[in-house]
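Peer 1: Below are the structure tokens for one structure; questions will follow.
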Amino acid sequence: MIVADKKPIEEIIDMVKGYRKILILGCNECVTVCEAGGKKEVAVLASALRMYFMNEGTKIEMDEITLERQCDHEYLEEIRNSMDQYDAVVSLACGVGVQFMAEKYFGSPIYPGVNTCFMGVTEERGVWSERCQGCGQCILDRTAGICPISRCAKRLLNGPCGGSTKGKCEISKDLDCAWQIIIDRLKELDRLDDYEEIAPIKDWSTERAGGPRKVVREDVRQ
Amino acid sequence: MRLQYPSNINIIKLPCTGKIDLIHLLRSFEKGADGVYVVGCLEGACQFTSGNIRARKRVEQAQEILEKIGIGGERVRMFNLSSSEAPHFVQAAVEMTENIRDMGPNPIKTAMQKAA
């Protein structure tokens, strides 16, 4: 899932100061799971903003809506008829949702309510960590299902660097060396010979380095 | 024991403090409560394993938000005691009431009265 973190409330207050009617728009997908932008977080943010502005002596109206997703046309269309009544929208979706909202409702100010961080997993409640950088050319088949692009600080493709000590990365004692995990997994799978194969230079043009990316599938396109 | 505690306290009964959500705490202040305190079982003694631990986290979240929006984080607190500790229950009620009296009324309530 896409992992996001809450934005400090002060930052959101600064964004919406001066508006009279605001929509707080949540998303029922990834940001709900990582407890940053779901229905509950929408209610909490709206309540906090209402109290802040009431305390400041400013009358602000606030509506709360949580869409199934903010990255698909059909769900964003659900609010089309009510968009005119809002001076601004605070979207608690990931950066994808915020942008899609901004593209779709071009004349309305859309503000981000979360900081979008990475694609990752829930290690335990309250702890999320990165697993994929969307490089566009998956090599997990060769690395025993562990990604050196997202989990190695140097994104090395042929074994660990000299900074790997006792299975930990040199950038932090709390961070596992991705290549140590890869080697341990290859051993477990009895595929250690795969480690001897030299990975060719990766084509980074499918990664962000090649500019904004797009996937077009003619087989499903309408 | 028939102990007395301040009459200004409105008790909301819940099956477990784990039922409390952050929004419940915030809405209390939005509706004008001067202070809210959560009384849960002793840590490590929750029948549902971690209800009181979760409540404590939510109380801490509420404290942070209330502090940042200028209402005052100390208006919300968590107390842990067992059901047989009536004197501690009274002690918490008195302590909380005194603290809130010192802080004065919820500024939201005052603002709402001004706006009306």
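For the structure tokens, the naming scheme is as follows: chains receive sequential letters (A, B, ...) according to their order of presentation, residues are indexed from 1 within each chain, and ligands are indexed from 1 in presentation order.
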Within 8 Å of chain B, which residues of chain A show up? Give each one with its shortest atom-to-atom distance in Å (one decimal) and the two atoms involved, counting only C-alpha atoms, rows by chain then rising residue number, as JSON lines.

Peer 2:
{"residue": "A:Ile9", "atom": "CA", "partner": "B:Lys68", "partner_atom": "CA", "distance": 7.5}
{"residue": "A:Glu10", "atom": "CA", "partner": "B:Lys68", "partner_atom": "CA", "distance": 7.3}
{"residue": "A:Lys40", "atom": "CA", "partner": "B:Ile23", "partner_atom": "CA", "distance": 7.5}
{"residue": "A:Ala43", "atom": "CA", "partner": "B:Ile23", "partner_atom": "CA", "distance": 6.8}
{"residue": "A:Val44", "atom": "CA", "partner": "B:Ile23", "partner_atom": "CA", "distance": 5.5}
{"residue": "A:Ser47", "atom": "CA", "partner": "B:Leu26", "partner_atom": "CA", "distance": 6.7}
{"residue": "A:Ala48", "atom": "CA", "partner": "B:Ile69", "partner_atom": "CA", "distance": 7.0}
{"residue": "A:Leu49", "atom": "CA", "partner": "B:Ile69", "partner_atom": "CA", "distance": 7.9}
{"residue": "A:Met51", "atom": "CA", "partner": "B:Glu30", "partner_atom": "CA", "distance": 6.3}
{"residue": "A:Tyr52", "atom": "CA", "partner": "B:Ile69", "partner_atom": "CA", "distance": 5.1}
{"residue": "A:Met54", "atom": "CA", "partner": "B:Ala111", "partner_atom": "CA", "distance": 6.3}
{"residue": "A:Asn55", "atom": "CA", "partner": "B:Ile108", "partner_atom": "CA", "distance": 5.5}
{"residue": "A:Gly57", "atom": "CA", "partner": "B:Ala111", "partner_atom": "CA", "distance": 6.6}

Peer 1: Determine, counting only C-alpha atoms, which protein, DNA and RNA residues have an atom within 6 Å of an atom of stretch 141-151 of chain A; residues of the same chain fewer than 3 positions away are not included. Present the result as a PyMOL selection string.

Peer 2: chain A and resi 131-133+155+178+182+186

Peer 1: Using DSSP on the backbone, list every residue of chain B that comes out as strand (DSSP E), and give them as a list of chain:residue names.

Peer 2: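 Selecting the strand (DSSP E) positions of chain B gives B:Val36, B:Tyr37, B:Val38, B:Val39, B:Gly40, B:Val76, B:Arg77, B:Met78, B:Phe79, B:Asn80.
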
Peer 1: Fewer than 3 positions away in the same chain doesn't count, so skip those; otherwise give me all residues within 7 Å of A:Thr66, counting only C-alpha atoms, as a list in words.

Peer 2: Leu25, Gly26, Cys27, Asn28, Gly38 and Lys39 of chain A

Peer 1: List the spatial neighbours of B:Asn52 as a tab-separated table (two decimals) with N, CA and C atoms, in the first residue's frame - criterion: any atom at most 6 Å away, only C-alpha atoms, same-chain residues fewer than 5 positions off excluded.

Peer 2:
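For reference, part.tsv as written:
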chain	number	residue	atom	x	y	z
B	17	THR	N	-12.23	0.86	28.46
B	17	THR	CA	-11.72	2.16	27.97
B	17	THR	C	-11.22	2.03	26.52
B	18	GLY	N	-10.96	0.79	26.08
B	18	GLY	CA	-10.54	0.56	24.69
B	18	GLY	C	-11.61	0.98	23.70
B	40	GLY	N	-9.48	4.01	33.60
B	40	GLY	CA	-9.39	2.63	33.11
B	40	GLY	C	-8.81	1.72	34.17

Peer 1: Pick out each residue of stretch 11-215 of chain A that DSSP on the backbone tags as helix (DSSP H, G or I); I need them as a ChimeraX atom specification.

Peer 2: /A:11-16,30-33,39-56,73-85,95-104,148-151,178-188,192-196,204-206,208-210

Peer 1: Would you mind telling me which residue in A:Lys6, A:Arg208, A:Arg20, A:Arg125 lies nearest to A:Glu61 when using only C-alpha atoms?

Peer 2: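 Closest to A:Glu61 of all the choices is A:Arg20.
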
Peer 1: Nearest to A:Lys202 among A:Val42, A:Tyr75, A:Leu156, A:Leu189, with distances taken over only C-alpha atoms: which residue is it?

Peer 2: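 Closest to A:Lys202, using only C-alpha atoms: A:Leu156.
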
Peer 1: Using only C-alpha atoms, which protein or nucleic acid residues come within 12 Å of B:Asn8? Drop anything in the same chain fewer than 2 positions from it, and give the result as a list in words.

Peer 2: Gln4, Tyr5, Pro6, Asn10, Ile11, Ala33, Asp34, Gly35, Val36, Ala93, Val94, Met96, Thr97, Glu98, Ile100 and Arg101 of chain B

Peer 1: I'd like the neighbourhood of A:Thr165 as a short mmCIF file (atom, residue, chain, number, x, y, z; two decimals) with N, CA and C atoms, in the first residue's frame, where a residue qualifies if any of its atoms comes within 10 Å (using only C-alpha atoms), though same-chain residues fewer than 4 positions away should be ignored.

Peer 2:
data_model
loop_
_atom_site.label_atom_id
_atom_site.label_comp_id
_atom_site.auth_asym_id
_atom_site.auth_seq_id
_atom_site.Cartn_x
_atom_site.Cartn_y
_atom_site.Cartn_z
N PRO A 160 26.36 -7.15 -0.92
CA PRO A 160 26.45 -6.03 0.01
C PRO A 160 27.70 -5.18 -0.19
N CYS A 161 27.66 -3.98 0.32
CA CYS A 161 28.84 -3.11 0.28
C CYS A 161 29.70 -3.41 1.50
N CYS A 169 22.94 -2.49 8.28
CA CYS A 169 23.42 -1.51 7.32
C CYS A 169 24.24 -0.44 8.04
N GLU A 170 25.21 0.14 7.33
CA GLU A 170 26.05 1.14 7.98
C GLU A 170 25.31 2.45 8.27
N LYS A 173 22.03 1.14 12.83
CA LYS A 173 22.12 -0.18 13.48
C LYS A 173 20.75 -0.86 13.51
N ASP A 176 18.23 -3.53 8.78
CA ASP A 176 18.83 -4.77 8.28
C ASP A 176 19.49 -4.52 6.94
N CYS A 177 20.62 -5.19 6.72
CA CYS A 177 21.26 -5.12 5.40
C CYS A 177 20.42 -5.96 4.45
N GLN A 180 22.13 -9.00 3.16
CA GLN A 180 22.25 -10.09 4.14
C GLN A 180 20.97 -10.93 4.12
#

Peer 1: I'd like to know which of B:Ile53, B:Ile20, B:Met1, B:Tyr37 is closest to B:Arg77, using only C-alpha atoms.

Peer 2: B:Tyr37

Peer 1: Just checking: using only C-alpha atoms, which residue out of B:Met103, B:Ile9, B:Val39, B:Val59 ends up closest to B:Glu85?

Peer 2: B:Val39

Peer 1: Fewer than 2 positions away in the same chain doesn't count, so skip those; otherwise give me all residues within 6 Å of A:Ser91, counting only C-alpha atoms, as JSON, numbers by chain.

Peer 2: {"A": [25, 93, 98, 112, 113]}

Peer 1: Could you save the residues just selected, with N, CA and C atoms, as a short mmCIF file (atom, residue, chain, number, x, y, z; two decimals), in the first residue's frame?

Peer 2:
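That gives us result.cif:
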data_model
loop_
_atom_site.label_atom_id
_atom_site.label_comp_id
_atom_site.auth_asym_id
_atom_site.auth_seq_id
_atom_site.Cartn_x
_atom_site.Cartn_y
_atom_site.Cartn_z
N LEU A 25 -11.70 15.77 2.85
CA LEU A 25 -12.00 14.61 2.00
C LEU A 25 -11.04 13.45 2.28
N ALA A 93 -6.05 12.05 1.11
CA ALA A 93 -5.55 10.93 0.30
C ALA A 93 -4.05 11.10 0.11
N VAL A 98 -4.62 13.63 -4.16
CA VAL A 98 -4.64 15.10 -4.12
C VAL A 98 -4.51 15.65 -5.54
N PRO A 112 -3.09 19.32 0.50
CA PRO A 112 -2.78 17.98 1.03
C PRO A 112 -2.85 17.96 2.56
N GLY A 113 -3.50 16.93 3.08
CA GLY A 113 -3.62 16.80 4.53
C GLY A 113 -2.66 15.79 5.12
#

Peer 1: For atom CA of A:Met1 and atom CA of A:Cys30, determine how far apart the two atoms are, in Å to one decimal place.

Peer 2: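 Rounded to one decimal, the two atoms are 5.4 Å apart.
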